[in-house]
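Let me begin by presenting the structure, written as structure tokens, before commenting on it.
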Amino acid sequence: MSYDKMIFEVSVPDRVGYSLPELDVDKKGLENFLPKDALCDEELDFPEVSEVDVVRHFTNLSMKNFGVDTGFYPLGSCTMKYNPKRNEYAARMDGFANIHPLQDESTVQGALRMLYEVDGALAEIAGMDKMSLQPAAGAHGEYTGIVTIKKYHESKGDFKRDKVIVPDSAHGTNPATAVMAGCQVIEIKSNDKGMVDLEALKAAVGDDTCALMLTNPNTVGMFDLEIKEITKIVHDAGGLVYYDGANANAILGQVRPGDMGFDVIHYNVHKTFSTPHGGGGPGAGPIGVKAFLKEFLPAPLVEKDGDRYYLDYDLPNSLGKVKDFHGHFGILLRTYTYLLTMGADGLKKASTIAVLNANYIQENLKDDYNVGFDRICMHETVLGGLKDDHGGEIKTLDVAKRLLDMGFHPPTVYFPLIVNEALMIEPTETESKDTLDAFIEAMKQIAKEARENPEELKCAPRTTEIQRPDETLAARKPILKYGDK
Ligand SMILES: *Cc1c(COP(=O)(O)O)cnc(C)c1O
């Protein structure tokens with residue numbers, strides 16, 4: 001049996017995957033009981049397969065995926081860390097999984113307590129005062145954050161602040177967010193150290209500045225040492241400063257955006273706090289704000305009065321709701337489990353090791369690959385392609401494709417845009433030295449092949465079902481239906 005077929009194609013008439021006793025209820029009785037228009041009068045076109053066919057079909061399909069549970073997945077800016085299975089256990093607990101968001105507050109005190117404590121812990125880690133747990137993902141958090149900032153300006157009668165400043169190293173969602181929120185984007189250049197150019201920033205701010213969107217360490221993995229100066233320049237111009245905390249893996253327990261002068265932050269708990277992501281699955285992008293912005297957050301907020309937890313809808317200046325009910329509860333529950341099991345010391349240690357691992361890779365690949373910025377990096381390192389690329393013949397794409405043959409998921413490639421032939425590697429704290437060494441070995445092997453046998457590299461990957469799709473066509477005109485060409 002071929003496992004590349006659809007389950008319908010392996011169907012054989014009258015082959016059944018179950019054996020049940022004869023129906024012993026009166027069929028006519030059933031028809032009288034159910035409304036007429038709820039009855040189906042055609043045979044359903046179900047695949048007719050045996051139980052073992054079904055199990056093998058879906059097990060084999062699941063093995064076509066590459067994930068953190070199958071191998072090293074050093075996708076920079078995505079923080080593909082291991083998701084402890086105890087998070088999944090907690091999320092499936094009856095008392096959490098089977099409650100309803102419209103239940104009376106008195107019957108869901110435990111769930112509200114969980115949300116309240118996630119709120120408190122995330123705010124503490126960021127140096128913020130209050131969180132909104134509603135946003136569904138990182139980009140959604142950004143949007144909610146920028147709208148919060150707009151609300152703040154407008155509450156002071158200031159309606160002309162419609163410019164959002166982003167550095168050229170920013171994640172693509174930042175400028176997209178600014179536009180979605182009705183603002184215009186001003187892009188500023190990074191300096192040769194990969195940091196914000198202060199002069200460019202000074203020239204960009206003014207009485208139309210809504211916010212600066214920044215992340216630190218930034219998207220080239222560098223910590224901006226002038227961060228206090230940066231946030232001051234924006235504040236002096238009357239703007240606020242937004243922290244893209246999607247990748248907070250370098251800073252947990254080390255530094256706090258709130259102390260650097262940031263006013264608003266979003267987290268991607270599906271990256272930093274070990275909840276599963278990828279393939280468009282659910283995430284959560286809670287945002288945190290300084291106290292003066294709390295009144296503008298989406299309603300309701302989770303609050304506590306004595307021993308009682310409750311939802312506070314009494315927020316007259318709230319920007320409204322951005323998500324049904326209370327956000328992605330199950331994802332926040334996984335975050336909670338992770339936070340509790342790690343503790344403050346554990347989170348700090350995770351950050352320390354994440355940074356150590358990235359630097360270990362950077363140091364060991366320096367001889368064979370260009371380094372984007374030759375400084376100690378934070379949780380990720382950006383390489384700039386092969387040093388010896390056979391006269392420009394071997395590209396980062398070839399390196400990435402060859403890694404597939406070697407059993408590794410490639411790093412993020414061609415991002416950030418400001419580094420040529422970028423390979424952005426984020427190993428995370430999850431990986432052992434053995435895994436890092438195996439990856440380094442593979443990268444060095446590829447560098448050797450580029451020198452000695454470049455034609456072979458152009459043919460990689462050889463071990464995957466699809467070798468080199470037309471990437472533009474695949475993105476613009478994806479074939480989403482089986483059988484289409
Ligand atoms: C992943 C990421 C985002 C977007 O997060 P989503 O959950 O995919 O919407 C934003 N900024 C940075 C820096 C990221 O890495």
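Chain identifiers are assigned as A, B, and so on, following the order in which chains appear in the structure tokens; residues are numbered from 1 within each chain, and ligands are numbered from 1 in order of appearance.
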Write out as a Markdown table the residues of chain A that have any atom within 7 Å of an atom of ligand 1, one row each with the nearest atom pair and its distance in Å to one decimal, counting only C-alpha atoms and all ligand atoms, sorted by chain and then rising number.
```
| residue | atom | partner | partner_atom_place_in_ligand_line | distance |
| --- | --- | --- | --- | --- |
| A:Ser77 | CA | ligand 1 | 15 (O) | 4.2 |
| A:Cys78 | CA | ligand 1 | 15 (O) | 5.3 |
| A:Ala137 | CA | ligand 1 | 7 (O) | 4.0 |
| A:Gly138 | CA | ligand 1 | 5 (O) | 3.4 |
| A:Ala139 | CA | ligand 1 | 9 (O) | 3.7 |
| A:His140 | CA | ligand 1 | 9 (O) | 6.2 |
| A:His171 | CA | ligand 1 | 13 (C) | 4.9 |
| A:Thr173 | CA | ligand 1 | 10 (C) | 5.5 |
| A:Asn174 | CA | ligand 1 | 11 (N) | 6.8 |
| A:Thr219 | CA | ligand 1 | 13 (C) | 6.4 |
| A:Asp244 | CA | ligand 1 | 11 (N) | 5.8 |
| A:Gly245 | CA | ligand 1 | 13 (C) | 6.8 |
| A:Ala246 | CA | ligand 1 | 12 (C) | 4.7 |
| A:Asn247 | CA | ligand 1 | 15 (O) | 5.7 |
| A:Asn268 | CA | ligand 1 | 7 (O) | 5.7 |
| A:Gly283 | CA | ligand 1 | 7 (O) | 6.2 |
| A:Ala284 | CA | ligand 1 | 7 (O) | 6.9 |
| A:Gly285 | CA | ligand 1 | 7 (O) | 6.5 |
```
| Quick one: DSSP alpha helix (DSSP H) residues in region 17-99 of chain A, as JSON, numbers by chain? | {"A": [27, 28, 29, 30, 31, 32, 33, 51, 52, 53, 54, 55, 56, 57, 58, 59, 60, 61, 62, 85, 86, 87, 88, 89, 90, 91, 94, 95, 96, 97]}
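With only C-alpha atoms as the atoms that count, the minimum distance from Met131 (chain A) to the choices A:Phe72, A:Tyr152, A:Phe273, A:Phe296 is reached by A:Phe296.
Using only C-alpha atoms, the smallest distance between any of A:Lys27, A:Lys349, A:Arg113, A:Lys64 and Val302 (chain A) comes from A:Arg113.
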Using DSSP on the backbone coordinates, identify the residues of region 64-313 of chain A assigned to strand (DSSP E); present them as a tab-separated table (two decimals) with N, CA and C atoms, in the first residue's frame.
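Writing the result to states-v4.tsv gives the following:
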```tsv
chain	number	residue	atom	x	y	z
A	130	LYS	N	0.50	45.73	33.91
A	130	LYS	CA	-0.71	44.96	33.67
A	130	LYS	C	-0.68	44.37	32.27
A	131	MET	N	-1.24	43.16	32.16
A	131	MET	CA	-1.29	42.49	30.86
A	131	MET	C	-2.73	42.42	30.36
A	132	SER	N	-2.87	42.35	29.03
A	132	SER	CA	-4.11	41.87	28.43
A	132	SER	C	-3.78	40.52	27.80
A	163	LYS	N	2.71	58.49	12.98
A	163	LYS	CA	3.94	57.89	12.41
A	163	LYS	C	4.51	56.86	13.39
A	164	VAL	N	4.78	55.68	12.85
A	164	VAL	CA	5.43	54.64	13.65
A	164	VAL	C	6.82	54.39	13.07
A	165	ILE	N	7.81	54.51	13.92
A	165	ILE	CA	9.19	54.35	13.46
A	165	ILE	C	9.64	52.92	13.69
A	166	VAL	N	10.21	52.30	12.65
A	166	VAL	CA	10.75	50.94	12.82
A	166	VAL	C	12.15	50.89	12.21
A	167	PRO	N	13.05	50.16	12.84
A	167	PRO	CA	14.39	50.03	12.25
A	167	PRO	C	14.36	49.07	11.06
A	184	GLN	N	1.48	55.58	9.51
A	184	GLN	CA	2.48	55.47	8.44
A	184	GLN	C	3.79	55.02	9.05
A	185	VAL	N	4.57	54.32	8.23
A	185	VAL	CA	5.82	53.74	8.71
A	185	VAL	C	7.00	54.63	8.32
A	186	ILE	N	7.86	54.90	9.28
A	186	ILE	CA	9.13	55.55	8.94
A	186	ILE	C	10.23	54.55	9.27
A	187	GLU	N	10.98	54.14	8.24
A	187	GLU	CA	12.04	53.16	8.49
A	187	GLU	C	13.35	53.90	8.74
A	188	ILE	N	14.08	53.46	9.79
A	188	ILE	CA	15.39	54.06	10.01
A	188	ILE	C	16.48	53.01	9.90
A	209	THR	N	5.08	61.70	16.01
A	209	THR	CA	5.52	60.35	16.36
A	209	THR	C	4.51	59.68	17.27
A	210	CYS	N	3.95	58.59	16.79
A	210	CYS	CA	3.06	57.79	17.63
A	210	CYS	C	3.91	56.88	18.52
A	211	ALA	N	4.79	56.11	17.87
A	211	ALA	CA	5.59	55.15	18.63
A	211	ALA	C	6.82	54.74	17.84
A	212	LEU	N	7.80	54.23	18.58
A	212	LEU	CA	8.92	53.49	17.98
A	212	LEU	C	8.68	52.02	18.32
A	213	MET	N	8.78	51.17	17.32
A	213	MET	CA	8.68	49.72	17.58
A	213	MET	C	10.07	49.13	17.48
A	214	LEU	N	10.44	48.41	18.54
A	214	LEU	CA	11.82	47.94	18.61
A	214	LEU	C	11.84	46.61	19.34
A	240	LEU	N	5.63	57.06	22.32
A	240	LEU	CA	5.83	55.95	23.25
A	240	LEU	C	6.69	54.88	22.56
A	241	VAL	N	7.18	53.94	23.37
A	241	VAL	CA	8.09	52.94	22.82
A	241	VAL	C	7.53	51.54	23.03
A	242	TYR	N	7.47	50.82	21.92
A	242	TYR	CA	6.85	49.50	21.88
A	242	TYR	C	7.92	48.43	21.76
A	243	TYR	N	7.85	47.41	22.61
A	243	TYR	CA	8.83	46.32	22.59
A	243	TYR	C	8.22	45.09	21.94
A	244	ASP	N	8.80	44.67	20.82
A	244	ASP	CA	8.39	43.42	20.20
A	244	ASP	C	9.06	42.29	20.97
A	245	GLY	N	8.31	41.69	21.87
A	245	GLY	CA	8.87	40.66	22.74
A	245	GLY	C	8.61	39.25	22.26
A	264	VAL	N	5.11	49.51	26.26
A	264	VAL	CA	4.21	48.41	25.90
A	264	VAL	C	5.06	47.26	25.36
A	265	ILE	N	4.64	46.05	25.64
A	265	ILE	CA	5.34	44.87	25.11
A	265	ILE	C	4.31	43.83	24.71
A	266	HIS	N	4.61	43.05	23.68
A	266	HIS	CA	3.85	41.80	23.52
A	266	HIS	C	4.83	40.65	23.62
A	267	TYR	N	4.33	39.54	24.11
A	267	TYR	CA	5.11	38.30	24.10
A	267	TYR	C	4.50	37.38	23.06
A	287	ILE	N	-0.26	41.24	25.76
A	287	ILE	CA	0.51	42.48	25.81
A	287	ILE	C	0.56	43.00	27.24
A	288	GLY	N	1.66	43.65	27.55
A	288	GLY	CA	1.84	44.26	28.87
A	288	GLY	C	2.05	45.74	28.71
A	289	VAL	N	1.53	46.51	29.67
A	289	VAL	CA	1.67	47.97	29.59
A	289	VAL	C	2.07	48.54	30.95
A	301	LEU	N	-10.42	42.82	31.98
A	301	LEU	CA	-9.14	42.45	32.59
A	301	LEU	C	-9.44	41.49	33.74
A	302	VAL	N	-8.48	40.64	34.03
A	302	VAL	CA	-8.67	39.70	35.14
A	302	VAL	C	-8.12	40.36	36.41
A	303	GLU	N	-8.98	40.47	37.42
A	303	GLU	CA	-8.56	41.15	38.65
A	303	GLU	C	-8.87	40.29	39.87
A	304	LYS	N	-8.37	40.74	41.01
A	304	LYS	CA	-8.57	39.99	42.25
A	304	LYS	C	-9.02	40.96	43.33
A	305	ASP	N	-10.04	40.52	44.09
A	305	ASP	CA	-10.53	41.34	45.20
A	305	ASP	C	-10.60	40.43	46.42
A	308	ARG	N	-11.26	36.65	45.91
A	308	ARG	CA	-12.12	36.41	44.76
A	308	ARG	C	-11.47	36.95	43.48
A	309	TYR	N	-11.49	36.11	42.44
A	309	TYR	CA	-11.00	36.55	41.13
A	309	TYR	C	-12.19	36.94	40.28
A	310	TYR	N	-12.05	37.99	39.49
A	310	TYR	CA	-13.19	38.40	38.68
A	310	TYR	C	-12.73	39.08	37.39
A	311	LEU	N	-13.69	39.20	36.46
A	311	LEU	CA	-13.42	39.86	35.19
A	311	LEU	C	-13.92	41.29	35.27
A	312	ASP	N	-13.03	42.23	35.02
A	312	ASP	CA	-13.38	43.64	35.15
A	312	ASP	C	-13.75	44.22	33.77
```
Which residues of region 389-444 of chain A come within 10 Å of region 220-233 of chain A, and what is each one's closest atom pair and distance in Å (one decimal), counting only C-alpha atoms, sorted by chain and residue number, as JSON lines?
```
{"residue": "A:Phe415", "atom": "CA", "partner": "A:Val220", "partner_atom": "CA", "distance": 8.8}
{"residue": "A:Pro416", "atom": "CA", "partner": "A:Val220", "partner_atom": "CA", "distance": 6.6}
{"residue": "A:Leu417", "atom": "CA", "partner": "A:Val220", "partner_atom": "CA", "distance": 9.6}
{"residue": "A:Ile418", "atom": "CA", "partner": "A:Val220", "partner_atom": "CA", "distance": 8.7}
{"residue": "A:Val419", "atom": "CA", "partner": "A:Val220", "partner_atom": "CA", "distance": 8.5}
{"residue": "A:Ala422", "atom": "CA", "partner": "A:Val220", "partner_atom": "CA", "distance": 9.7}
{"residue": "A:Met424", "atom": "CA", "partner": "A:Val220", "partner_atom": "CA", "distance": 7.9}
{"residue": "A:Ile425", "atom": "CA", "partner": "A:Gly221", "partner_atom": "CA", "distance": 9.4}
{"residue": "A:Glu426", "atom": "CA", "partner": "A:Gly221", "partner_atom": "CA", "distance": 9.1}
```
Store the residues picked out above in a file with all heavy atoms, as a PDB file, in the first residue's frame.
```
ATOM      1  N   PHE A 415      16.831  36.354   6.016  1.00  0.00           N
ATOM      2  CA  PHE A 415      16.237  37.279   6.980  1.00  0.00           C
ATOM      3  C   PHE A 415      17.161  37.316   8.180  1.00  0.00           C
ATOM      4  O   PHE A 415      17.635  36.258   8.583  1.00  0.00           O
ATOM      5  CB  PHE A 415      14.829  36.825   7.395  1.00  0.00           C
ATOM      6  CG  PHE A 415      14.183  37.752   8.383  1.00  0.00           C
ATOM      7  CD1 PHE A 415      13.587  38.938   7.959  1.00  0.00           C
ATOM      8  CD2 PHE A 415      14.219  37.461   9.751  1.00  0.00           C
ATOM      9  CE1 PHE A 415      13.029  39.807   8.894  1.00  0.00           C
ATOM     10  CE2 PHE A 415      13.664  38.340  10.668  1.00  0.00           C
ATOM     11  CZ  PHE A 415      13.067  39.506  10.242  1.00  0.00           C
ATOM     12  N   PRO A 416      17.443  38.444   8.788  1.00  0.00           N
ATOM     13  CA  PRO A 416      16.996  39.779   8.419  1.00  0.00           C
ATOM     14  C   PRO A 416      17.591  40.266   7.095  1.00  0.00           C
ATOM     15  O   PRO A 416      18.652  39.822   6.690  1.00  0.00           O
ATOM     16  CB  PRO A 416      17.499  40.636   9.580  1.00  0.00           C
ATOM     17  CG  PRO A 416      18.647  39.887  10.152  1.00  0.00           C
ATOM     18  CD  PRO A 416      18.303  38.447   9.982  1.00  0.00           C
ATOM     19  N   LEU A 417      16.863  41.207   6.501  1.00  0.00           N
ATOM     20  CA  LEU A 417      17.196  41.640   5.154  1.00  0.00           C
ATOM     21  C   LEU A 417      18.515  42.392   5.077  1.00  0.00           C
ATOM     22  O   LEU A 417      19.095  42.506   4.003  1.00  0.00           O
ATOM     23  CB  LEU A 417      16.062  42.536   4.613  1.00  0.00           C
ATOM     24  CG  LEU A 417      14.660  41.909   4.662  1.00  0.00           C
ATOM     25  CD1 LEU A 417      13.608  42.911   4.209  1.00  0.00           C
ATOM     26  CD2 LEU A 417      14.586  40.648   3.804  1.00  0.00           C
ATOM     27  N   ILE A 418      18.985  42.908   6.232  1.00  0.00           N
ATOM     28  CA  ILE A 418      20.170  43.765   6.161  1.00  0.00           C
ATOM     29  C   ILE A 418      21.475  42.974   6.160  1.00  0.00           C
ATOM     30  O   ILE A 418      22.547  43.563   6.092  1.00  0.00           O
ATOM     31  CB  ILE A 418      20.190  44.818   7.311  1.00  0.00           C
ATOM     32  CG1 ILE A 418      20.121  44.130   8.678  1.00  0.00           C
ATOM     33  CG2 ILE A 418      19.050  45.810   7.142  1.00  0.00           C
ATOM     34  CD1 ILE A 418      20.281  45.118   9.841  1.00  0.00           C
ATOM     35  N   VAL A 419      21.407  41.655   6.220  1.00  0.00           N
ATOM     36  CA  VAL A 419      22.624  40.847   6.122  1.00  0.00           C
ATOM     37  C   VAL A 419      22.533  40.015   4.838  1.00  0.00           C
ATOM     38  O   VAL A 419      21.559  39.294   4.623  1.00  0.00           O
ATOM     39  CB  VAL A 419      22.783  39.916   7.349  1.00  0.00           C
ATOM     40  CG1 VAL A 419      23.983  38.994   7.169  1.00  0.00           C
ATOM     41  CG2 VAL A 419      22.931  40.738   8.623  1.00  0.00           C
ATOM     42  N   ALA A 422      21.812  35.850   4.485  1.00  0.00           N
ATOM     43  CA  ALA A 422      21.659  35.595   5.923  1.00  0.00           C
ATOM     44  C   ALA A 422      21.213  34.166   6.245  1.00  0.00           C
ATOM     45  O   ALA A 422      20.382  33.577   5.550  1.00  0.00           O
ATOM     46  CB  ALA A 422      20.651  36.580   6.510  1.00  0.00           C
ATOM     47  N   MET A 424      19.976  32.664   9.842  1.00  0.00           N
ATOM     48  CA  MET A 424      19.712  33.113  11.209  1.00  0.00           C
ATOM     49  C   MET A 424      19.435  31.897  12.094  1.00  0.00           C
ATOM     50  O   MET A 424      18.426  31.220  11.947  1.00  0.00           O
ATOM     51  CB  MET A 424      18.496  34.028  11.165  1.00  0.00           C
ATOM     52  CG  MET A 424      18.210  34.700  12.454  1.00  0.00           C
ATOM     53  SD  MET A 424      16.646  35.523  12.258  1.00  0.00           S
ATOM     54  CE  MET A 424      16.911  36.894  13.333  1.00  0.00           C
ATOM     55  N   ILE A 425      20.356  31.650  13.003  1.00  0.00           N
ATOM     56  CA  ILE A 425      20.336  30.388  13.746  1.00  0.00           C
ATOM     57  C   ILE A 425      19.988  30.628  15.215  1.00  0.00           C
ATOM     58  O   ILE A 425      20.668  31.385  15.906  1.00  0.00           O
ATOM     59  CB  ILE A 425      21.718  29.700  13.660  1.00  0.00           C
ATOM     60  CG1 ILE A 425      22.138  29.553  12.195  1.00  0.00           C
ATOM     61  CG2 ILE A 425      21.697  28.354  14.368  1.00  0.00           C
ATOM     62  CD1 ILE A 425      23.565  29.096  12.011  1.00  0.00           C
ATOM     63  N   GLU A 426      18.932  29.982  15.666  1.00  0.00           N
ATOM     64  CA  GLU A 426      18.541  30.099  17.071  1.00  0.00           C
ATOM     65  C   GLU A 426      18.421  28.690  17.666  1.00  0.00           C
ATOM     66  O   GLU A 426      17.419  28.001  17.465  1.00  0.00           O
ATOM     67  CB  GLU A 426      17.195  30.836  17.203  1.00  0.00           C
ATOM     68  CG  GLU A 426      16.771  30.983  18.649  1.00  0.00           C
ATOM     69  CD  GLU A 426      15.449  31.728  18.835  1.00  0.00           C
ATOM     70  OE1 GLU A 426      14.820  32.123  17.838  1.00  0.00           O
ATOM     71  OE2 GLU A 426      15.060  31.896  20.002  1.00  0.00           O
TER      72      GLU A 426
END
```
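Between Lys348 (chain A) and the candidates A:Lys36, A:Lys150, A:Arg256, A:Arg161, the tightest atom-to-atom separation, counting only C-alpha atoms, involves A:Arg256.
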| message | Give me, as a ChimeraX atom specification, all polymer residues having an atom no more than 9 Å from region 427-444 of chain A, counting only C-alpha atoms and skipping those fewer than 3 positions away in the same chain. | response | /A:72-76,79-82,249,349-358,360-361,364-365,368-369,379-380,399,403,406,408,447-449
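Note that the spacing between CA of Pro282 (chain A) and CA of Glu142 (chain A) amounts to 16.3 Å.
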| note | Computed gap from CA of Glu465 (chain A) to CA of Lys477 (chain A) is 19.6 Å
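Taking CA of Val322 (chain A) as the reference point, CA of Met180 (chain A) is found at 13.6 Å.
Of the residues listed (A:Leu347, A:Glu295, A:Gly330, A:Asn359), A:Asn359 shows the shortest atom-to-atom separation from Asp374 (chain A); distances use only C-alpha atoms.
Between Val68 (chain A) and the residues A:His409, A:Asp45, A:Ala450, A:Arg92, the shortest atom-to-atom distance, using only C-alpha atoms, involves A:His409.
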Each residue of region 7-45 of chain A lying at most 9 Å from region 49-62 of chain A should get a row with its shortest atom-to-atom pair and the distance in Å to one decimal, counting only C-alpha atoms; could you produce that, ordered by chain and increasing number, as JSON lines?
```
{"residue": "A:Ile7", "atom": "CA", "partner": "A:His57", "partner_atom": "CA", "distance": 7.0}
{"residue": "A:Phe8", "atom": "CA", "partner": "A:Val49", "partner_atom": "CA", "distance": 8.7}
{"residue": "A:Val10", "atom": "CA", "partner": "A:Val49", "partner_atom": "CA", "distance": 7.2}
{"residue": "A:Ser11", "atom": "CA", "partner": "A:Val49", "partner_atom": "CA", "distance": 5.4}
{"residue": "A:Val12", "atom": "CA", "partner": "A:Val49", "partner_atom": "CA", "distance": 6.5}
{"residue": "A:Pro13", "atom": "CA", "partner": "A:Val49", "partner_atom": "CA", "distance": 8.4}
{"residue": "A:Asp14", "atom": "CA", "partner": "A:Val49", "partner_atom": "CA", "distance": 8.3}
{"residue": "A:Arg15", "atom": "CA", "partner": "A:Val49", "partner_atom": "CA", "distance": 5.4}
{"residue": "A:Val16", "atom": "CA", "partner": "A:Ser50", "partner_atom": "CA", "distance": 5.3}
{"residue": "A:Gly17", "atom": "CA", "partner": "A:Ser50", "partner_atom": "CA", "distance": 3.9}
{"residue": "A:Tyr18", "atom": "CA", "partner": "A:Glu51", "partner_atom": "CA", "distance": 7.0}
```
| said: Can you pull out the residues contacting Ala126 (chain A)? Cut-off 7 Å, using only C-alpha atoms, and skip same-chain residues under 2 positions away; I want them as an MDAnalysis selection string. | reply: chainID A and resid 122:124 128 256:258
Convert the current residue selection to file output with C-alpha atoms, as an mmCIF file, in the first residue's frame.
```cif
data_model
loop_
_atom_site.group_PDB
_atom_site.id
_atom_site.type_symbol
_atom_site.label_atom_id
_atom_site.label_comp_id
_atom_site.auth_asym_id
_atom_site.auth_seq_id
_atom_site.Cartn_x
_atom_site.Cartn_y
_atom_site.Cartn_z
ATOM 1 C CA LEU A 122 4.404 37.918 32.574
ATOM 2 C CA ALA A 123 4.121 41.526 33.764
ATOM 3 C CA GLU A 124 6.866 40.961 36.339
ATOM 4 C CA MET A 128 5.224 46.087 33.143
ATOM 5 C CA ARG A 256 13.348 43.945 31.704
ATOM 6 C CA PRO A 257 11.944 46.001 28.824
ATOM 7 C CA GLY A 258 10.072 48.125 31.374
#
```
